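Trainee: Dropping the structure in here first, questions after.
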Amino acid sequence: MPEILPVAYDSKIEGNVIFTQVDAAINWMRKNSLWPMPMGLACCAIEMMASACARFDLSRFGAEVMRFSPRQSDVMIVAGTVTYKMALAVKRIWDQMPEPKWCIAMGACASSGGMYRSYAVLQGIDQLLPVDVYISGCPPRPEALIEGLMKLQQKITTEHSLADQKRELFAPSTH
Amino acid sequence: MTPAEAISVLEAKFQVVKKIEFRDEITLEVTRDAFPELAAFCKTELGFDYLIDISSVDNFGEEPRFEMVYELYSPGRGQHLRLKYPVSEDDATAPTLSSVWATANWHEREVYDMMGIKFTGHPDLRRILMWEGYPYYPLRKDFPLAGKPSDVPEVAFTKAAPLAGGPFVTTPSCATTKDREPRSRGEIL
């Protein structure tokens, strides 16, 4: 039998201590685990599904957890034509998402109503939600969605997450 | 039974106002009062047992303003038959066919939703595309494409859509694509 040596050196600990700012650490965690709320309303949703599949693999960016559960979501991807009949339902799901949350308007319809200049279509989801990233295209290719997601990740790294939270917690109530 | 025979049977039994033949398509203009009986006869006796579609036409500015259009088909013989009758604006009602063809139920709801023609005797006359409380009938000719503002609290709201201009509209010219783009007008996107 080979002799079992006592462990004198743990390679798992050494070299894994990092000094950083809390903001940067929180932002780093947030941006690399963006759980999307897929609001697939039209053909853009097909491209969104393609982005999540093996060829484009959205999980490389930590955004593969597409579950239809607003309570566990960080970013709402509005993918498709928002009709007036659907608009308040989208708003309601957005309201159910916990802070911090972000919104991506994917494609021409979600951004501006697109080619549907009509009585039935909301002319851009930004009339109801604060949109962080607009993605052009009709529908945008998966690369464009990934580009939009990376833009959102860049935006998250510039946020003062802890400072904002403190301000929110300790600010005198305006109500 | 040839199409001509079927139509002569119909003409003998019911009042046919007008018979139009165009490119082998036969259209019969009938009256509203006799229509439910005539449609049921087409289904049970003449073999036109498939109701393809129900639609309506808005001849805005004319009287009678509306026109109901029914497309029937006989799968056994491969024959089509189109039935029409006028509906005036003052009495914008039509008899339901939902007891003859079950599919007429939703088609009639669509006509009601988009054109505002009410179907007498319909078991469930609700809007099918727009929401309950929306005050307009969008496919009428006097309804603008851009829509009109409306609001049903907690259900839906509408605004008139901009139909010209905006950041995504190019300038028409014969110059290059680059020059036609909005950014050449100095608008930052």
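Going by the structure tokens order, chains are called A, B, ..., each with residues numbered from 1, while ligands are numbered from 1 in the order shown.
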Residues within 7 Å of range 155-158 of chain B, please, as an MDAnalysis selection string. Count only C-alpha atoms; anything in the same chain fewer than 5 positions from it doesn't count.
Mentor: (chainID A and resid 84:85 88) or (chainID B and resid 148:150)
Trainee: Would you mind listing, as a PyMOL selection string, all residues of chain B that have at least one atom within 8 Å of chain A, where only C-alpha atoms are what counts?
Mentor: chain B and resi 130-131+138+145-148+154-163
Trainee: Would you pick out the contacts of His122 in chain B at 10 Å or less, using only C-alpha atoms, so that residues sharing its chain but fewer than 4 positions from it are not included, and give the list as a ChimeraX atom specification?
Mentor: /B:94-99,104-105,108-109,118,126
Trainee: For the selection you just gave me, I'd like the residues written to a file as a PDB file, in the first residue's frame, keeping N, CA and C atoms.
Mentor:
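The resulting file, part35.pdb, is reproduced below:
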```pdb
ATOM      1  N   ALA B  94     -77.208  41.329 -37.585  1.00  0.00           N
ATOM      2  CA  ALA B  94     -77.273  40.222 -38.536  1.00  0.00           C
ATOM      3  C   ALA B  94     -77.677  38.974 -37.764  1.00  0.00           C
ATOM      4  N   PRO B  95     -78.365  38.035 -38.417  1.00  0.00           N
ATOM      5  CA  PRO B  95     -78.729  36.800 -37.719  1.00  0.00           C
ATOM      6  C   PRO B  95     -77.513  35.902 -37.543  1.00  0.00           C
ATOM      7  N   THR B  96     -77.454  35.227 -36.402  1.00  0.00           N
ATOM      8  CA  THR B  96     -76.298  34.347 -36.141  1.00  0.00           C
ATOM      9  C   THR B  96     -76.471  33.021 -36.867  1.00  0.00           C
ATOM     10  N   LEU B  97     -75.317  32.425 -37.202  1.00  0.00           N
ATOM     11  CA  LEU B  97     -75.320  31.092 -37.807  1.00  0.00           C
ATOM     12  C   LEU B  97     -74.716  30.069 -36.861  1.00  0.00           C
ATOM     13  N   SER B  98     -74.499  30.480 -35.606  1.00  0.00           N
ATOM     14  CA  SER B  98     -73.747  29.602 -34.702  1.00  0.00           C
ATOM     15  C   SER B  98     -74.487  28.309 -34.389  1.00  0.00           C
ATOM     16  N   SER B  99     -75.801  28.281 -34.614  1.00  0.00           N
ATOM     17  CA  SER B  99     -76.508  27.019 -34.392  1.00  0.00           C
ATOM     18  C   SER B  99     -76.394  26.100 -35.605  1.00  0.00           C
ATOM     19  N   ALA B 104     -69.094  29.362 -36.809  1.00  0.00           N
ATOM     20  CA  ALA B 104     -69.611  30.718 -37.002  1.00  0.00           C
ATOM     21  C   ALA B 104     -69.517  31.539 -35.718  1.00  0.00           C
ATOM     22  N   ASN B 105     -69.510  30.868 -34.586  1.00  0.00           N
ATOM     23  CA  ASN B 105     -69.454  31.555 -33.297  1.00  0.00           C
ATOM     24  C   ASN B 105     -68.292  32.552 -33.252  1.00  0.00           C
ATOM     25  N   GLU B 108     -68.205  35.280 -36.092  1.00  0.00           N
ATOM     26  CA  GLU B 108     -69.144  36.376 -35.856  1.00  0.00           C
ATOM     27  C   GLU B 108     -68.642  37.292 -34.753  1.00  0.00           C
ATOM     28  N   ARG B 109     -67.966  36.704 -33.766  1.00  0.00           N
ATOM     29  CA  ARG B 109     -67.377  37.554 -32.731  1.00  0.00           C
ATOM     30  C   ARG B 109     -66.324  38.472 -33.334  1.00  0.00           C
ATOM     31  N   LYS B 118     -73.807  43.626 -34.778  1.00  0.00           N
ATOM     32  CA  LYS B 118     -74.246  42.739 -33.695  1.00  0.00           C
ATOM     33  C   LYS B 118     -75.005  41.555 -34.275  1.00  0.00           C
ATOM     34  N   ARG B 126     -69.028  38.388 -27.408  1.00  0.00           N
ATOM     35  CA  ARG B 126     -68.009  39.230 -26.782  1.00  0.00           C
ATOM     36  C   ARG B 126     -66.977  39.584 -27.837  1.00  0.00           C
TER      37      ARG B 126
END
```
Trainee: Once DSSP has gone over the backbone, tell me which residues of chain A are in alpha helix (DSSP H), as a ChimeraX atom specification.
Mentor: /A:22-31,44-52,84-96,107-112,142-157,161-170
Trainee: Only C-alpha atoms, please: the residues just picked out, written as a short mmCIF file (atom, residue, chain, number, x, y, z; two decimals), in the first residue's frame.
Mentor:
```cif
data_model
loop_
_atom_site.label_atom_id
_atom_site.label_comp_id
_atom_site.auth_asym_id
_atom_site.auth_seq_id
_atom_site.Cartn_x
_atom_site.Cartn_y
_atom_site.Cartn_z
CA VAL A 22 -17.50 46.04 -2.37
CA ASP A 23 -19.23 47.83 -5.25
CA ALA A 24 -16.98 46.16 -7.78
CA ALA A 25 -17.47 42.76 -6.20
CA ILE A 26 -21.25 43.10 -6.08
CA ASN A 27 -21.39 44.39 -9.64
CA TRP A 28 -19.16 41.56 -10.79
CA MET A 29 -21.50 39.04 -9.23
CA ARG A 30 -24.58 40.71 -10.61
CA LYS A 31 -23.34 41.07 -14.14
CA CYS A 44 -37.83 37.87 -31.54
CA ALA A 45 -38.48 35.14 -28.99
CA ILE A 46 -37.31 32.55 -31.50
CA GLU A 47 -33.97 34.35 -31.79
CA MET A 48 -33.86 34.61 -28.00
CA MET A 49 -34.33 30.84 -27.77
CA ALA A 50 -31.60 30.36 -30.36
CA SER A 51 -29.31 32.54 -28.24
CA ALA A 52 -29.85 30.24 -25.29
CA TYR A 84 -51.95 47.25 -25.99
CA LYS A 85 -53.82 44.17 -24.84
CA MET A 86 -50.56 42.70 -23.50
CA ALA A 87 -48.95 45.95 -22.34
CA LEU A 88 -50.30 46.08 -18.81
CA ALA A 89 -49.55 42.39 -18.31
CA VAL A 90 -45.90 43.09 -19.19
CA LYS A 91 -45.92 46.00 -16.74
CA ARG A 92 -47.43 43.79 -14.06
CA ILE A 93 -44.72 41.14 -14.48
CA TRP A 94 -42.07 43.87 -14.42
CA ASP A 95 -43.52 45.14 -11.14
CA GLN A 96 -43.23 41.63 -9.69
CA GLY A 107 -35.89 44.28 -31.64
CA ALA A 108 -37.69 47.05 -33.47
CA CYS A 109 -41.18 46.32 -32.07
CA ALA A 110 -40.23 46.37 -28.41
CA SER A 111 -38.08 49.46 -28.96
CA SER A 112 -40.44 51.59 -31.01
CA PRO A 142 -28.50 36.05 -31.48
CA GLU A 143 -25.18 37.87 -31.79
CA ALA A 144 -27.05 41.15 -31.42
CA LEU A 145 -28.82 39.94 -28.29
CA ILE A 146 -25.47 38.82 -26.86
CA GLU A 147 -24.01 42.22 -27.75
CA GLY A 148 -26.93 43.87 -25.95
CA LEU A 149 -26.39 41.66 -22.94
CA MET A 150 -22.70 42.57 -22.87
CA LYS A 151 -23.64 46.25 -23.10
CA LEU A 152 -25.87 45.74 -20.09
CA GLN A 153 -23.03 44.00 -18.27
CA GLN A 154 -20.83 47.04 -18.98
CA LYS A 155 -23.55 49.28 -17.64
CA ILE A 156 -23.85 47.22 -14.46
CA THR A 157 -20.12 47.53 -13.77
CA SER A 161 -24.65 49.41 -6.14
CA LEU A 162 -23.82 49.70 -2.43
CA ALA A 163 -24.05 53.48 -2.39
CA ASP A 164 -27.39 53.33 -4.14
CA GLN A 165 -28.66 50.76 -1.70
CA LYS A 166 -27.57 52.86 1.27
CA ARG A 167 -29.18 55.92 -0.23
CA GLU A 168 -32.39 53.99 -0.72
CA LEU A 169 -32.33 52.56 2.80
CA PHE A 170 -31.46 55.70 4.71
#
```
Trainee: In terms of the shortest atom-to-atom distance over only C-alpha atoms, which of A:Met115, A:Met106, A:Ile135, A:Pro130 is closest to Ala79 in chain A?
Mentor: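 Answer, going by the shortest atom-to-atom distance: A:Met106.
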Trainee: Please measure the separation of CA of Gln79 in chain B and CA of Thr31 in chain B, giving the value in Å to one decimal.
Mentor: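 These atoms are spaced 22.2 Å apart.
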Trainee: One decimal, Å: what's the distance from CA of Ser55 in chain B over to CA of Leu125 in chain B, could you say?
Mentor: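 These two atoms are separated by 15.8 Å.
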Trainee: Write out as a count of residues only which residues come within 8 Å of Asp74 in chain A when counting only C-alpha atoms, dropping same-chain ones fewer than 6 positions away.
Mentor: 10
Trainee: Give me, please, the distance in Å between CA of Val152 in chain B and CA of Tyr136 in chain B, quoted to one decimal.
Mentor: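 Distance between the two atoms: 12.3 Å.
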Trainee: With distances taken over only C-alpha atoms, which of B:Glu132, B:Glu5, B:Asp142, B:Glu25 is nearest to Arg65 in chain B?
Mentor: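 Closest to Arg65 in chain B, using only C-alpha atoms: B:Asp142.
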Trainee: Where in range 52-100 of chain A does DSSP assign strand (DSSP E), given as a PyMOL selection string?
Mentor: chain A and resi 75-79
Trainee: Looking at only C-alpha atoms, which of A:Gln72, A:Ser33, A:Thr81, A:Gln127 is the one that sits closest to Ser59 in chain A?
Mentor: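 Going through A:Gln72, A:Ser33, A:Thr81, A:Gln127 one by one, the smallest distance to Ser59 in chain A is for A:Ser33.
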